[in-house]
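*Asks:* Okay, here's the structure, questions in a sec.
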Amino acid sequence: MTTLKSKLQEDLNAAIKERDELRSSTLRLTLAAITKEEVAGKEKRELSDDEVQKVITREAKKRREAADAFAQGGRAEQAEREKAEGVVLAAYLPKQLSDDELNQIVAQAVEEAKAAGAEGPRAMGAVMKIVNPKVAGQAEGGRVAAAVKKLLAG
């Protein structure tokens, strides 16, 4: 078992013992998603820590989107629950980049792309190829794309 997955399992056991319903249900769902990913495809395999982190990121994104949907639908109680689950999952993810840090990285990538001959809105793909490896797991794709668009337009 990978170290991140085993940490999730240990935290789940602790949450069950503490009768922490929110943490235990969130961790159960996340471990189920990890197991589903492990058995997807032709052969069962063990996920690496990076792959487990991607599953946790995907689960956290689902929680944010669900919270927004519940809030728009006037179901504040469910929206709060989804936000709380997102907070639980955030503890297992790397710290997100601040807007300033993200803008610095994007600005550097725009300069690199311009040096390579890509300019204007058409340079988006080139810039994203440079930025994505640098911010992997530390910034959501939508945030990165918005920052790139803003800098290329301006």
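To be explicit about the labels: the chains of the structure tokens are called A, B, and onward in the order shown, and within each one the residues are counted from 1, while ligands get numbers from 1 in the order they are shown.
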Excluding stretch 18-25 of chain A and its own-chain neighbours fewer than 3 positions away, which residues fall within 9 Å of it when counting only C-alpha atoms? Please give them as a list in words.
*Replies:* Asp11, Leu12, Asn13, Ala14, Ala15, Arg28, Leu29, Thr30, Arg81, Ala84, Glu85, Val88 and Leu89 of chain A
*Asks:* Considering only C-alpha atoms, return as a list in words whatever protein or nucleic-acid residues lie within 9 Å of A:Ile56, sequence-local ones (same chain, fewer than 5 positions apart) excluded.
*Replies:* Thr30, Leu31, Ala33, Ile34, Glu51, Lys61, Leu89, Ala90, Tyr92 and Leu93 of chain A
*Asks:* What is the distance, in Å and to one decimal place, between atom CA of A:Ile16 and atom CA of A:Val87?
*Replies:*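 These atoms are spaced 17.9 Å apart.
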*Asks:* As an MDAnalysis selection string, please: every residue in stretch 11-141 of chain A that DSSP puts in alpha helix (DSSP H).
*Replies:* chainID A and resid 11:17 21:39 49:72 76:90 99:115 124:135 141
*Asks:* Those residues with C-alpha atoms, as an mmCIF file, in the first residue's frame please?
*Replies:*
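Generated file (again_36.cif):
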data_model
loop_
_atom_site.group_PDB
_atom_site.id
_atom_site.type_symbol
_atom_site.label_atom_id
_atom_site.label_comp_id
_atom_site.auth_asym_id
_atom_site.auth_seq_id
_atom_site.Cartn_x
_atom_site.Cartn_y
_atom_site.Cartn_z
ATOM 1 C CA ASP A 11 -6.917 8.541 9.549
ATOM 2 C CA LEU A 12 -10.168 6.786 8.656
ATOM 3 C CA ASN A 13 -9.679 4.336 11.534
ATOM 4 C CA ALA A 14 -8.940 7.209 13.911
ATOM 5 C CA ALA A 15 -12.022 9.126 12.708
ATOM 6 C CA ILE A 16 -14.211 6.062 13.249
ATOM 7 C CA LYS A 17 -12.857 5.615 16.785
ATOM 8 C CA GLU A 21 -18.900 11.206 11.022
ATOM 9 C CA LEU A 22 -17.831 13.909 8.571
ATOM 10 C CA ARG A 23 -14.175 12.826 8.369
ATOM 11 C CA SER A 24 -14.963 9.129 8.319
ATOM 12 C CA SER A 25 -17.532 9.374 5.513
ATOM 13 C CA THR A 26 -15.281 11.686 3.466
ATOM 14 C CA LEU A 27 -12.269 9.393 3.848
ATOM 15 C CA ARG A 28 -14.402 6.322 3.053
ATOM 16 C CA LEU A 29 -15.598 7.897 -0.202
ATOM 17 C CA THR A 30 -12.057 8.913 -1.124
ATOM 18 C CA LEU A 31 -10.644 5.448 -0.410
ATOM 19 C CA ALA A 32 -13.474 3.957 -2.487
ATOM 20 C CA ALA A 33 -12.516 6.261 -5.382
ATOM 21 C CA ILE A 34 -8.874 5.174 -5.033
ATOM 22 C CA THR A 35 -9.860 1.498 -5.044
ATOM 23 C CA LYS A 36 -12.079 2.078 -8.079
ATOM 24 C CA GLU A 37 -9.129 3.657 -9.877
ATOM 25 C CA GLU A 38 -6.909 0.711 -8.913
ATOM 26 C CA VAL A 39 -9.257 -1.861 -10.428
ATOM 27 C CA ASP A 49 1.376 8.452 -4.316
ATOM 28 C CA ASP A 50 1.133 10.861 -7.261
ATOM 29 C CA GLU A 51 -1.823 8.937 -8.696
ATOM 30 C CA VAL A 52 -3.500 8.808 -5.275
ATOM 31 C CA GLN A 53 -2.996 12.568 -5.000
ATOM 32 C CA LYS A 54 -4.672 13.066 -8.392
ATOM 33 C CA VAL A 55 -7.685 11.050 -7.169
ATOM 34 C CA ILE A 56 -7.868 13.171 -3.993
ATOM 35 C CA THR A 57 -7.623 16.348 -6.109
ATOM 36 C CA ARG A 58 -10.456 15.114 -8.319
ATOM 37 C CA GLU A 59 -12.583 14.295 -5.268
ATOM 38 C CA ALA A 60 -11.906 17.753 -3.757
ATOM 39 C CA LYS A 61 -12.926 19.393 -7.040
ATOM 40 C CA LYS A 62 -16.168 17.388 -7.021
ATOM 41 C CA ARG A 63 -16.886 18.707 -3.515
ATOM 42 C CA ARG A 64 -16.305 22.331 -4.586
ATOM 43 C CA GLU A 65 -18.548 21.960 -7.632
ATOM 44 C CA ALA A 66 -21.266 20.256 -5.587
ATOM 45 C CA ALA A 67 -21.093 22.991 -2.940
ATOM 46 C CA ASP A 68 -21.561 25.634 -5.652
ATOM 47 C CA ALA A 69 -24.479 23.719 -7.160
ATOM 48 C CA PHE A 70 -26.181 23.284 -3.783
ATOM 49 C CA ALA A 71 -25.646 26.960 -2.931
ATOM 50 C CA GLN A 72 -27.202 28.040 -6.249
ATOM 51 C CA ALA A 76 -27.280 25.859 2.134
ATOM 52 C CA GLU A 77 -27.052 22.901 4.536
ATOM 53 C CA GLN A 78 -25.791 20.492 1.856
ATOM 54 C CA ALA A 79 -23.486 23.198 0.468
ATOM 55 C CA GLU A 80 -21.871 23.598 3.909
ATOM 56 C CA ARG A 81 -21.404 19.821 4.203
ATOM 57 C CA GLU A 82 -19.700 19.655 0.791
ATOM 58 C CA LYS A 83 -17.421 22.573 1.748
ATOM 59 C CA ALA A 84 -16.528 20.828 5.023
ATOM 60 C CA GLU A 85 -15.674 17.629 3.122
ATOM 61 C CA GLY A 86 -13.486 19.698 0.793
ATOM 62 C CA VAL A 87 -11.605 21.067 3.813
ATOM 63 C CA VAL A 88 -10.980 17.516 5.065
ATOM 64 C CA LEU A 89 -9.554 16.517 1.670
ATOM 65 C CA ALA A 90 -7.457 19.694 1.385
ATOM 66 C CA ASP A 99 -2.499 34.276 -6.996
ATOM 67 C CA ASP A 100 0.762 36.268 -6.895
ATOM 68 C CA GLU A 101 2.931 33.132 -7.099
ATOM 69 C CA LEU A 102 0.801 31.755 -9.935
ATOM 70 C CA ASN A 103 0.983 35.040 -11.860
ATOM 71 C CA GLN A 104 4.788 35.092 -11.513
ATOM 72 C CA ILE A 105 5.111 31.577 -12.939
ATOM 73 C CA VAL A 106 2.689 32.390 -15.774
ATOM 74 C CA ALA A 107 4.559 35.642 -16.575
ATOM 75 C CA GLN A 108 7.833 33.710 -16.868
ATOM 76 C CA ALA A 109 6.165 31.140 -19.144
ATOM 77 C CA VAL A 110 4.710 33.902 -21.359
ATOM 78 C CA GLU A 111 8.215 35.375 -21.739
ATOM 79 C CA GLU A 112 9.609 31.922 -22.633
ATOM 80 C CA ALA A 113 6.838 31.386 -25.206
ATOM 81 C CA LYS A 114 7.433 34.838 -26.730
ATOM 82 C CA ALA A 115 11.144 34.052 -26.965
ATOM 83 C CA MET A 124 -2.095 29.828 -25.072
ATOM 84 C CA GLY A 125 -1.169 26.188 -25.810
ATOM 85 C CA ALA A 126 2.565 26.891 -25.779
ATOM 86 C CA VAL A 127 2.328 28.778 -22.494
ATOM 87 C CA MET A 128 0.161 26.082 -20.868
ATOM 88 C CA LYS A 129 2.739 23.417 -21.850
ATOM 89 C CA ILE A 130 5.409 25.413 -20.011
ATOM 90 C CA VAL A 131 3.263 26.255 -16.949
ATOM 91 C CA ASN A 132 1.489 22.941 -16.243
ATOM 92 C CA PRO A 133 4.551 20.905 -15.166
ATOM 93 C CA LYS A 134 5.660 23.740 -12.870
ATOM 94 C CA VAL A 135 2.339 24.051 -11.037
ATOM 95 C CA GLY A 141 -6.296 24.022 -14.335
#
*Asks:* From the list A:Leu97, A:Ala116, A:Ala123, A:Ala153, which residue is nearest A:Glu140 when using only C-alpha atoms?
*Replies:* A:Leu97
*Asks:* For the atom pair atom CA of A:Leu8 and atom CA of A:Ala139, what is the interatomic distance in Å to one decimal place?
*Replies:* 22.1 Å
